[in-house]
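File shown: model.cif (mmCIF, C-alpha atoms and all ligand atoms).
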data_coords
#
loop_
_atom_site.group_PDB
_atom_site.id
_atom_site.type_symbol
_atom_site.label_atom_id
_atom_site.label_comp_id
_atom_site.auth_asym_id
_atom_site.auth_seq_id
_atom_site.Cartn_x
_atom_site.Cartn_y
_atom_site.Cartn_z
ATOM 1 C CA MET K 1 33.956 -38.118 34.028
ATOM 2 C CA LYS K 2 32.756 -36.284 37.069
ATOM 3 C CA GLU K 3 33.593 -33.002 35.514
ATOM 4 C CA ARG K 4 31.848 -34.045 32.325
ATOM 5 C CA SER K 5 28.657 -35.085 34.099
ATOM 6 C CA GLY K 6 28.887 -31.857 36.017
ATOM 7 C CA ILE K 7 28.952 -29.946 32.772
ATOM 8 C CA LEU K 8 26.111 -32.046 31.352
ATOM 9 C CA GLY K 9 24.147 -31.400 34.527
ATOM 10 C CA LEU K 10 24.813 -27.702 34.152
ATOM 11 C CA ILE K 11 23.727 -27.790 30.513
ATOM 12 C CA PHE K 12 20.570 -29.710 31.496
ATOM 13 C CA ALA K 13 19.817 -27.272 34.305
ATOM 14 C CA SER K 14 20.407 -24.306 31.979
ATOM 15 C CA ALA K 15 18.157 -25.831 29.342
ATOM 16 C CA MET K 16 15.433 -26.412 31.930
ATOM 17 C CA THR K 17 15.779 -22.836 33.179
ATOM 18 C CA LEU K 18 15.473 -21.618 29.593
ATOM 19 C CA LEU K 19 12.395 -23.791 28.973
ATOM 20 C CA VAL K 20 10.771 -22.566 32.176
ATOM 21 C CA ALA K 21 11.618 -18.972 31.259
ATOM 22 C CA LEU K 22 10.207 -19.448 27.771
ATOM 23 C CA ALA K 23 7.050 -21.033 29.149
ATOM 24 C CA ALA K 24 6.666 -18.210 31.680
ATOM 25 C CA GLY K 25 7.365 -15.637 28.964
ATOM 26 C CA GLY K 26 4.726 -17.203 26.760
ATOM 27 C CA ALA K 27 2.184 -17.248 29.547
ATOM 28 C CA ALA K 28 2.999 -13.674 30.503
ATOM 29 C CA ALA K 29 2.682 -12.215 26.996
ATOM 30 C CA PRO K 30 1.551 -8.633 27.485
ATOM 31 C CA ALA K 31 -2.134 -8.053 26.909
ATOM 32 C CA ASP K 32 -1.346 -4.977 24.831
ATOM 33 C CA SER K 33 0.194 -7.051 22.023
ATOM 34 C CA ALA K 34 -2.138 -8.150 19.254
ATOM 35 C CA PRO K 35 -1.921 -11.844 18.396
ATOM 36 C CA PRO K 36 0.085 -12.609 15.265
ATOM 37 C CA PRO K 37 -2.054 -13.468 12.256
ATOM 38 C CA ALA K 38 -2.831 -17.118 11.721
ATOM 39 C CA LYS K 39 -1.368 -18.678 8.570
ATOM 40 C CA ASP K 40 -2.981 -16.596 5.943
ATOM 41 C CA ASP K 41 -2.622 -16.724 2.157
ATOM 42 C CA ASN K 42 -3.864 -13.143 2.068
ATOM 43 C CA LEU K 43 -0.872 -11.899 4.090
ATOM 44 C CA ILE K 44 1.985 -10.795 1.821
ATOM 45 C CA TRP K 45 4.470 -9.336 4.298
ATOM 46 C CA ASN K 46 4.591 -8.598 8.014
ATOM 47 C CA ASP K 47 6.819 -7.797 10.937
ATOM 48 C CA GLU K 48 5.434 -8.488 14.406
ATOM 49 C CA PHE K 49 8.561 -6.995 16.036
ATOM 50 C CA ASP K 50 9.270 -10.074 18.121
ATOM 51 C CA GLY K 51 12.757 -10.534 19.526
ATOM 52 C CA THR K 52 15.165 -7.918 20.770
ATOM 53 C CA THR K 53 16.812 -6.565 17.629
ATOM 54 C CA LEU K 54 15.538 -5.053 14.406
ATOM 55 C CA ASP K 55 15.184 -7.661 11.647
ATOM 56 C CA THR K 56 17.643 -6.299 9.098
ATOM 57 C CA THR K 57 16.508 -8.866 6.531
ATOM 58 C CA LYS K 58 13.359 -6.719 6.384
ATOM 59 C CA TRP K 59 14.513 -3.197 7.224
ATOM 60 C CA ILE K 60 17.277 -0.725 6.541
ATOM 61 C CA TYR K 61 18.172 2.341 8.603
ATOM 62 C CA ARG K 62 17.153 5.110 6.209
ATOM 63 C CA GLY K 63 18.753 8.528 5.967
ATOM 64 C CA LEU K 64 21.134 8.263 8.910
ATOM 65 C CA GLY K 65 22.424 11.655 10.007
ATOM 66 C CA LEU K 66 20.858 15.097 9.897
ATOM 67 C CA ARG K 67 17.160 15.099 9.014
ATOM 68 C CA LYS K 68 15.124 18.266 9.509
ATOM 69 C CA ASP K 69 15.847 19.429 13.107
ATOM 70 C CA GLY K 70 16.838 15.960 14.281
ATOM 71 C CA PHE K 71 19.569 13.420 13.704
ATOM 72 C CA ASN K 72 18.560 9.963 12.477
ATOM 73 C CA ALA K 73 20.426 7.408 14.550
ATOM 74 C CA LYS K 74 20.439 3.628 14.793
ATOM 75 C CA GLU K 75 20.223 3.832 18.589
ATOM 76 C CA ALA K 76 16.833 5.546 18.262
ATOM 77 C CA VAL K 77 15.456 2.247 16.912
ATOM 78 C CA THR K 78 14.975 -0.578 19.426
ATOM 79 C CA LEU K 79 12.742 -3.545 20.163
ATOM 80 C CA ASP K 80 11.399 -3.878 23.693
ATOM 81 C CA GLY K 81 11.435 -7.687 23.767
ATOM 82 C CA GLN K 82 7.673 -7.653 24.296
ATOM 83 C CA GLY K 83 6.728 -7.583 20.638
ATOM 84 C CA HIS K 84 7.096 -3.874 19.946
ATOM 85 C CA LEU K 85 9.301 -1.660 17.815
ATOM 86 C CA VAL K 86 10.247 1.457 19.772
ATOM 87 C CA LEU K 87 11.261 4.662 17.962
ATOM 88 C CA THR K 88 12.647 7.094 20.501
ATOM 89 C CA SER K 89 13.452 10.772 20.404
ATOM 90 C CA SER K 90 16.120 11.682 22.913
ATOM 91 C CA LYS K 91 18.691 14.376 23.573
ATOM 92 C CA SER K 92 22.294 13.534 22.734
ATOM 93 C CA GLY K 93 24.645 16.443 23.299
ATOM 94 C CA ASP K 94 23.306 19.308 21.184
ATOM 95 C CA LYS K 95 21.309 16.938 18.949
ATOM 96 C CA VAL K 96 17.877 15.387 19.186
ATOM 97 C CA LEU K 97 17.962 11.840 17.890
ATOM 98 C CA SER K 98 15.248 10.637 15.534
ATOM 99 C CA ALA K 99 14.487 7.310 13.888
ATOM 100 C CA MET K 100 13.771 6.170 10.351
ATOM 101 C CA ILE K 101 13.626 2.628 9.039
ATOM 102 C CA ALA K 102 12.441 1.434 5.652
ATOM 103 C CA THR K 103 11.910 -1.712 3.610
ATOM 104 C CA GLN K 104 13.664 0.087 0.742
ATOM 105 C CA GLY K 105 15.445 -2.462 -1.469
ATOM 106 C CA LYS K 106 14.001 -5.348 0.580
ATOM 107 C CA PHE K 107 10.243 -5.218 0.097
ATOM 108 C CA ASP K 108 7.927 -3.211 -2.067
ATOM 109 C CA HIS K 109 4.468 -3.797 -3.439
ATOM 110 C CA THR K 110 1.697 -2.215 -5.466
ATOM 111 C CA TYR K 111 -1.884 -1.973 -4.126
ATOM 112 C CA GLY K 112 -3.219 -4.061 -1.245
ATOM 113 C CA TYR K 113 -4.043 -3.319 2.375
ATOM 114 C CA TRP K 114 -1.322 -1.914 4.628
ATOM 115 C CA GLU K 115 -1.854 -1.690 8.375
ATOM 116 C CA CYS K 116 0.085 -0.959 11.536
ATOM 117 C CA ARG K 117 -0.836 -1.081 15.212
ATOM 118 C CA VAL K 118 0.646 1.875 17.057
ATOM 119 C CA LYS K 119 0.820 3.632 20.412
ATOM 120 C CA PHE K 120 1.629 7.273 19.798
ATOM 121 C CA GLN K 121 4.215 9.484 21.464
ATOM 122 C CA ARG K 122 3.052 11.960 24.138
ATOM 123 C CA GLN K 123 5.626 14.705 23.711
ATOM 124 C CA ILE K 124 5.672 17.598 21.230
ATOM 125 C CA GLY K 125 8.483 18.669 18.893
ATOM 126 C CA PHE K 126 8.520 15.572 16.707
ATOM 127 C CA TRP K 127 6.017 13.607 14.686
ATOM 128 C CA SER K 128 5.666 9.908 14.032
ATOM 129 C CA ALA K 129 4.712 8.433 10.682
ATOM 130 C CA PHE K 130 3.867 5.261 8.772
ATOM 131 C CA TRP K 131 4.340 5.995 5.094
ATOM 132 C CA LEU K 132 4.942 4.529 1.678
ATOM 133 C CA GLN K 133 7.388 5.862 -0.865
ATOM 134 C CA SER K 134 8.089 5.260 -4.540
ATOM 135 C CA PRO K 135 11.700 5.192 -5.782
ATOM 136 C CA LYS K 136 10.380 6.805 -8.995
ATOM 137 C CA LEU K 137 8.511 9.693 -7.365
ATOM 138 C CA GLY K 138 8.263 12.696 -9.709
ATOM 139 C CA LYS K 139 10.096 11.022 -12.611
ATOM 140 C CA VAL K 140 7.041 11.412 -14.852
ATOM 141 C CA VAL K 141 5.215 14.618 -13.888
ATOM 142 C CA GLY K 142 1.471 14.379 -14.315
ATOM 143 C CA ASP K 143 1.464 10.596 -14.067
ATOM 144 C CA ALA K 144 1.245 9.398 -10.473
ATOM 145 C CA LYS K 145 0.274 5.961 -11.736
ATOM 146 C CA ALA K 146 3.706 5.564 -13.331
ATOM 147 C CA SER K 147 5.842 7.585 -10.888
ATOM 148 C CA GLY K 148 4.151 6.793 -7.614
ATOM 149 C CA THR K 149 3.063 8.914 -4.690
ATOM 150 C CA GLU K 150 4.318 9.523 -1.178
ATOM 151 C CA ILE K 151 1.467 8.018 0.798
ATOM 152 C CA ASP K 152 1.518 9.160 4.423
ATOM 153 C CA ILE K 153 -0.807 6.570 5.914
ATOM 154 C CA PHE K 154 -0.499 8.531 9.121
ATOM 155 C CA GLU K 155 1.419 11.404 10.627
ATOM 156 C CA TYR K 156 0.748 12.059 14.311
ATOM 157 C CA LEU K 157 1.749 15.210 16.177
ATOM 158 C CA ALA K 158 1.281 15.346 19.933
ATOM 159 C CA ASN K 159 0.723 19.118 19.801
ATOM 160 C CA ARG K 160 -2.511 18.235 17.996
ATOM 161 C CA PRO K 161 -3.946 15.590 20.364
ATOM 162 C CA GLY K 162 -7.115 14.065 19.009
ATOM 163 C CA LYS K 163 -6.026 14.580 15.398
ATOM 164 C CA ILE K 164 -4.223 12.354 12.924
ATOM 165 C CA GLN K 165 -3.287 13.189 9.362
ATOM 166 C CA HIS K 166 -3.292 11.227 6.114
ATOM 167 C CA THR K 167 -1.464 12.964 3.233
ATOM 168 C CA LEU K 168 -0.580 12.284 -0.394
ATOM 169 C CA HIS K 169 2.338 13.931 -2.224
ATOM 170 C CA TRP K 170 2.972 13.406 -5.939
ATOM 171 C CA ASP K 171 4.647 14.955 -8.997
ATOM 172 C CA GLY K 172 7.915 15.308 -7.083
ATOM 173 C CA TYR K 173 8.817 17.896 -4.459
ATOM 174 C CA GLY K 174 9.588 20.828 -6.767
ATOM 175 C CA LYS K 175 7.287 23.359 -8.419
ATOM 176 C CA GLU K 176 5.068 20.609 -9.866
ATOM 177 C CA HIS K 177 4.489 19.155 -6.395
ATOM 178 C CA LYS K 178 0.900 18.349 -5.543
ATOM 179 C CA SER K 179 -0.534 17.232 -2.256
ATOM 180 C CA ALA K 180 -3.800 16.275 -0.641
ATOM 181 C CA PRO K 181 -4.153 16.102 3.142
ATOM 182 C CA LYS K 182 -6.960 14.868 5.378
ATOM 183 C CA VAL K 183 -7.051 15.475 9.117
ATOM 184 C CA HIS K 184 -9.158 12.984 11.045
ATOM 185 C CA GLU K 185 -10.340 13.857 14.540
ATOM 186 C CA GLN K 186 -10.726 11.199 17.204
ATOM 187 C CA ALA K 187 -10.637 12.067 20.895
ATOM 188 C CA ASP K 188 -8.882 8.940 22.188
ATOM 189 C CA LEU K 189 -5.822 8.952 19.904
ATOM 190 C CA ALA K 190 -3.360 9.961 22.621
ATOM 191 C CA ASP K 191 -4.237 6.913 24.715
ATOM 192 C CA GLY K 192 -3.676 3.217 24.168
ATOM 193 C CA TRP K 193 -3.223 1.292 20.956
ATOM 194 C CA HIS K 194 -4.702 2.128 17.561
ATOM 195 C CA THR K 195 -4.693 0.528 14.135
ATOM 196 C CA VAL K 196 -4.158 2.673 11.062
ATOM 197 C CA GLY K 197 -4.653 1.183 7.611
ATOM 198 C CA LEU K 198 -4.658 1.991 3.909
ATOM 199 C CA ASP K 199 -6.642 0.109 1.289
ATOM 200 C CA TRP K 200 -4.953 0.960 -2.013
ATOM 201 C CA THR K 201 -6.550 -0.104 -5.289
ATOM 202 C CA GLU K 202 -6.182 0.930 -8.942
ATOM 203 C CA LYS K 203 -9.139 3.226 -8.419
ATOM 204 C CA GLU K 204 -8.603 4.931 -5.060
ATOM 205 C CA TYR K 205 -7.177 5.040 -1.552
ATOM 206 C CA VAL K 206 -9.313 4.329 1.496
ATOM 207 C CA PHE K 207 -7.840 5.108 4.913
ATOM 208 C CA TYR K 208 -8.936 3.559 8.200
ATOM 209 C CA VAL K 209 -8.337 4.298 11.881
ATOM 210 C CA ASP K 210 -9.380 1.587 14.326
ATOM 211 C CA GLY K 211 -11.279 -0.151 11.545
ATOM 212 C CA LYS K 212 -13.409 2.869 10.642
ATOM 213 C CA GLU K 213 -13.098 4.622 7.270
ATOM 214 C CA THR K 214 -11.589 8.081 7.684
ATOM 215 C CA TRP K 215 -10.856 9.192 4.108
ATOM 216 C CA ARG K 216 -11.572 8.009 0.572
ATOM 217 C CA THR K 217 -9.878 9.723 -2.356
ATOM 218 C CA ASP K 218 -8.867 9.068 -5.966
ATOM 219 C CA LYS K 219 -6.192 11.791 -5.963
ATOM 220 C CA GLY K 220 -2.635 10.844 -6.948
ATOM 221 C CA VAL K 221 -3.296 7.121 -7.158
ATOM 222 C CA SER K 222 0.013 5.326 -7.581
ATOM 223 C CA GLY K 223 0.289 2.229 -9.750
ATOM 224 C CA THR K 224 3.906 1.371 -9.022
ATOM 225 C CA PRO K 225 5.683 -0.563 -6.250
ATOM 226 C CA GLU K 226 6.228 1.334 -3.001
ATOM 227 C CA TYR K 227 8.212 0.548 0.135
ATOM 228 C CA ILE K 228 7.373 1.135 3.799
ATOM 229 C CA ILE K 229 8.898 3.771 6.080
ATOM 230 C CA LEU K 230 8.392 4.104 9.840
ATOM 231 C CA SER K 231 9.842 7.258 11.322
ATOM 232 C CA THR K 232 10.018 10.073 13.789
ATOM 233 C CA GLU K 233 10.992 13.491 12.495
ATOM 234 C CA VAL K 234 11.917 16.537 14.547
ATOM 235 C CA GLY K 235 10.522 19.917 13.505
ATOM 236 C CA THR K 236 8.514 22.921 14.643
ATOM 237 C CA TRP K 237 5.422 21.606 12.801
ATOM 238 C CA ALA K 238 5.020 19.461 15.919
ATOM 239 C CA GLY K 239 5.901 22.239 18.390
ATOM 240 C CA LYS K 240 9.168 23.227 20.017
ATOM 241 C CA ILE K 241 11.331 20.238 20.855
ATOM 242 C CA ALA K 242 13.008 22.412 23.526
ATOM 243 C CA ASN K 243 9.721 22.241 25.436
ATOM 244 C CA ALA K 244 9.496 18.438 25.256
ATOM 245 C CA THR K 245 10.344 16.084 28.088
ATOM 246 C CA LEU K 246 12.643 13.537 26.455
ATOM 247 C CA PRO K 247 13.134 10.692 25.873
ATOM 248 C CA ASP K 248 9.749 9.837 24.449
ATOM 249 C CA SER K 249 8.767 7.055 22.066
ATOM 250 C CA VAL K 250 6.239 5.813 19.559
ATOM 251 C CA LEU K 251 5.592 2.062 19.675
ATOM 252 C CA PHE K 252 4.632 -0.203 16.786
ATOM 253 C CA ASP K 253 3.143 -3.613 17.551
ATOM 254 C CA TYR K 254 3.154 -4.784 13.937
ATOM 255 C CA VAL K 255 3.117 -3.804 10.280
ATOM 256 C CA ARG K 256 1.168 -6.100 7.955
ATOM 257 C CA VAL K 257 0.574 -5.999 4.218
ATOM 258 C CA TYR K 258 -2.306 -7.989 2.733
ATOM 259 C CA LYS K 259 -3.448 -8.646 -0.807
ATOM 260 C CA GLN K 260 -6.890 -7.511 0.222
ATOM 261 C CA ARG K 261 -8.292 -5.866 3.333
ATOM 262 C CA PRO K 262 -9.189 -8.689 5.715
ATOM 263 C CA VAL K 263 -12.807 -9.092 6.687
ATOM 264 C CA GLN K 264 -13.306 -7.182 9.961
ATOM 265 C CA LYS K 265 -14.525 -9.291 12.848
HETATM 266 CA CA CA K 301 4.033 -7.319 18.033
#
Mind turning this structure into structure tokens?
Ligand SMILES: [Ca+2]
Amino acid sequence: MKERSGILGLIFASAMTLLVALAAGGAAAPADSAPPPAKDDNLIWNDEFDGTTLDTTKWIYRGLGLRKDGFNAKEAVTLDGQGHLVLTSSKSGDKVLSAMIATQGKFDHTYGYWECRVKFQRQIGFWSAFWLQSPKLGKVVGDAKASGTEIDIFEYLANRPGKIQHTLHWDGYGKEHKSAPKVHEQADLADGWHTVGLDWTEKEYVFYVDGKETWRTDKGVSGTPEYIILSTEVGTWAGKIANATLPDSVLFDYVRVYKQRPVQK
């Protein structure tokens, strides 16, 4: 009996410690995390990156192994326990690890408003990206509506501070390949948090950075379901990785997909 009450006491004490810790954790939520959206019929899909492990009901590790000059690895994908996904480039032997996760096979959608909140990497030699991909890309050349388009909502390279790129790729990746890029300049990109969004309709794409329109185009408009990819890729486009101080990371606070672009407050 004594032993039992001792155990119960221990359980009670542990539970209280947990409650206190949870309360303290709640009170000490970092100011750099955006609040989760209130219950919202407009919100189709989201990941706020709460918890300490990647939610594999929502994401797969895409393209593990060699990818460009890097090596996609599960260990390059972590959550910091403070509401952020962390994609890290680091040296591992003679490799540089890179990260790529996707909602491929778990979530896809056509049209709508797609947004992430991101804090960019500081080091050169790799780029970070939030992009959409169609499983049918290039199947019907000359018909992006049917085949879909690679929609790079953003690519960010730290060797081009103050610049961020939106790019469209359609009609496959062979000789029929077509693309349309737009580089947006904004001096404060290297610092703090930013939101990057895509409003995708039957008519056009409209891109936003920090709530301001950065590009509007009707080129390569997809009309087929696409899935989300978040990644880092290693390559000389972003400068020489040998000159980078690693590890370095890009952080994502959330990814949200809405039926329609929410009214900006
Ligand atoms: Ca978050």
Just how far from atom CA of Ile164 of chain K is atom CA of Thr245 of chain K, in Å to one decimal?
->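 Going from atom CA of Thr245 of chain K over to atom CA of Ile164 of chain K, I get 21.4 Å.
What the PyMOL selection byres (((chain K and resi 250-255) around 6) and not hetatm) picks from this file is Asn46, Asp47, Glu48, His84, Leu85, Val86, Leu87, Glu115, Cys116, Arg117, Val118, Lys119, Phe120, Gln121, Ser249 and Arg256 of chain K.
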Do you know which residues the PyMOL selection byres (((chain K and resi 62-64) around 7) and not hetatm) returns on this file, as a compact mmCIF listing (two decimals) with C-alpha atoms, in the frame of the given file?
# COMPACT_ATOMS: atom_id res chain seq x y z
CA ILE K 60 17.28 -0.72 6.54
CA TYR K 61 18.17 2.34 8.60
CA GLY K 65 22.42 11.66 10.01
CA LEU K 66 20.86 15.10 9.90
CA ASN K 72 18.56 9.96 12.48
CA ALA K 73 20.43 7.41 14.55
CA MET K 100 13.77 6.17 10.35
CA ILE K 101 13.63 2.63 9.04
CA ALA K 102 12.44 1.43 5.65
Please return the centre and edge lengths, in Å to one decimal, of a box with edges along x, y and z that contains all listed atoms of segment 185-204 of chain K, widened by 4 Å on every side, as JSON.
{"center_x": -7.0, "center_y": 6.9, "center_z": 7.9, "size_x": 15.5, "size_y": 22.0, "size_z": 41.7}
Matched chain/residue IDs from the PyMOL selection byres (((chain K and resi 230-234) around 8) and not hetatm), as a PDB file with C-alpha atoms, keeping the file's coordinate frame:
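Saved file part-v3.pdb follows:
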ATOM      1  CA  ARG K  67      17.160  15.099   9.014  1.00  0.00           C
ATOM      2  CA  LYS K  68      15.124  18.266   9.509  1.00  0.00           C
ATOM      3  CA  ASP K  69      15.847  19.429  13.107  1.00  0.00           C
ATOM      4  CA  GLY K  70      16.838  15.960  14.281  1.00  0.00           C
ATOM      5  CA  LEU K  87      11.261   4.662  17.962  1.00  0.00           C
ATOM      6  CA  THR K  88      12.647   7.094  20.501  1.00  0.00           C
ATOM      7  CA  SER K  89      13.452  10.772  20.404  1.00  0.00           C
ATOM      8  CA  VAL K  96      17.877  15.387  19.186  1.00  0.00           C
ATOM      9  CA  SER K  98      15.248  10.637  15.534  1.00  0.00           C
ATOM     10  CA  ALA K  99      14.487   7.310  13.888  1.00  0.00           C
ATOM     11  CA  MET K 100      13.771   6.170  10.351  1.00  0.00           C
ATOM     12  CA  ILE K 101      13.626   2.628   9.039  1.00  0.00           C
ATOM     13  CA  ALA K 102      12.441   1.434   5.652  1.00  0.00           C
ATOM     14  CA  GLY K 125       8.483  18.669  18.893  1.00  0.00           C
ATOM     15  CA  PHE K 126       8.520  15.572  16.707  1.00  0.00           C
ATOM     16  CA  TRP K 127       6.017  13.607  14.686  1.00  0.00           C
ATOM     17  CA  SER K 128       5.666   9.908  14.032  1.00  0.00           C
ATOM     18  CA  ALA K 129       4.712   8.433  10.682  1.00  0.00           C
ATOM     19  CA  PHE K 130       3.867   5.261   8.772  1.00  0.00           C
ATOM     20  CA  TRP K 131       4.340   5.995   5.094  1.00  0.00           C
ATOM     21  CA  ILE K 228       7.373   1.135   3.799  1.00  0.00           C
ATOM     22  CA  ILE K 229       8.898   3.771   6.080  1.00  0.00           C
ATOM     23  CA  GLY K 235      10.522  19.917  13.505  1.00  0.00           C
ATOM     24  CA  THR K 236       8.514  22.921  14.643  1.00  0.00           C
ATOM     25  CA  ALA K 238       5.020  19.461  15.919  1.00  0.00           C
ATOM     26  CA  ILE K 241      11.331  20.238  20.855  1.00  0.00           C
TER      27      ILE K 241
END
Any idea what's packed within 10 Å of segment 104-109 of chain K, counting only C-alpha atoms, ignoring anything in its chain fewer than 3 positions away? Could you give it as a CSV table (one decimal) with C-alpha atoms, in the frame of the given file?
chain,number,residue,atom,x,y,z
K,44,ILE,CA,2.0,-10.8,1.8
K,45,TRP,CA,4.5,-9.3,4.3
K,56,THR,CA,17.6,-6.3,9.1
K,57,THR,CA,16.5,-8.9,6.5
K,58,LYS,CA,13.4,-6.7,6.4
K,59,TRP,CA,14.5,-3.2,7.2
K,60,ILE,CA,17.3,-0.7,6.5
K,61,TYR,CA,18.2,2.3,8.6
K,62,ARG,CA,17.2,5.1,6.2
K,101,ILE,CA,13.6,2.6,9.0
K,112,GLY,CA,-3.2,-4.1,-1.2
K,132,LEU,CA,4.9,4.5,1.7
K,133,GLN,CA,7.4,5.9,-0.9
K,134,SER,CA,8.1,5.3,-4.5
K,135,PRO,CA,11.7,5.2,-5.8
K,223,GLY,CA,0.3,2.2,-9.8
K,224,THR,CA,3.9,1.4,-9.0
K,225,PRO,CA,5.7,-0.6,-6.2
K,226,GLU,CA,6.2,1.3,-3.0
K,227,TYR,CA,8.2,0.5,0.1
K,228,ILE,CA,7.4,1.1,3.8
K,229,ILE,CA,8.9,3.8,6.1
K,257,VAL,CA,0.6,-6.0,4.2
K,259,LYS,CA,-3.4,-8.6,-0.8
Neighbour list for Ser90 of chain K as a ChimeraX atom specification, cut-off 8 Å, all atoms listed in the file, skip fewer than 5 positions in-chain | /K:76,96-98,246-248
Separating atom CA of Lys139 of chain K from atom CA of Ile151 of chain K, to the nearest tenth of an Å, is a gap of 16.2 Å
Using all atoms listed in the file, the residue out of K:Lys212, K:His194, K:Arg160, K:Arg122 with shortest distance to Trp237 of chain K is K:Arg160
Between atom CA of Thr195 of chain K and atom CA of His166 of chain K, what is the spacing in Å?
->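 Taking atom CA of His166 of chain K and atom CA of Thr195 of chain K, their separation equals 13.4 Å.
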Pick from K:Gly239, K:Gly51, K:Gly83, K:Pro35 nearest to ligand CA 301 (chain K), counting all atoms listed in the file =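 Checking each candidate against ligand CA 301 (chain K), we get K:Gly83 as the closest.
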Protein and nucleic acid residues near (-11.5, -2.9, 11.0) (cut-off 9 Å, all atoms listed in the file) as a PyMOL selection string | chain K and resi 195+197+208-213+261-265
With all atoms listed in the file as the atoms that count, which of K:Gln82, K:Thr53, K:Ser147, K:Asn243 lies nearest to ligand CA 301 (chain K)?
->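 Of all the options, K:Gln82 lies closest to ligand CA 301 (chain K).
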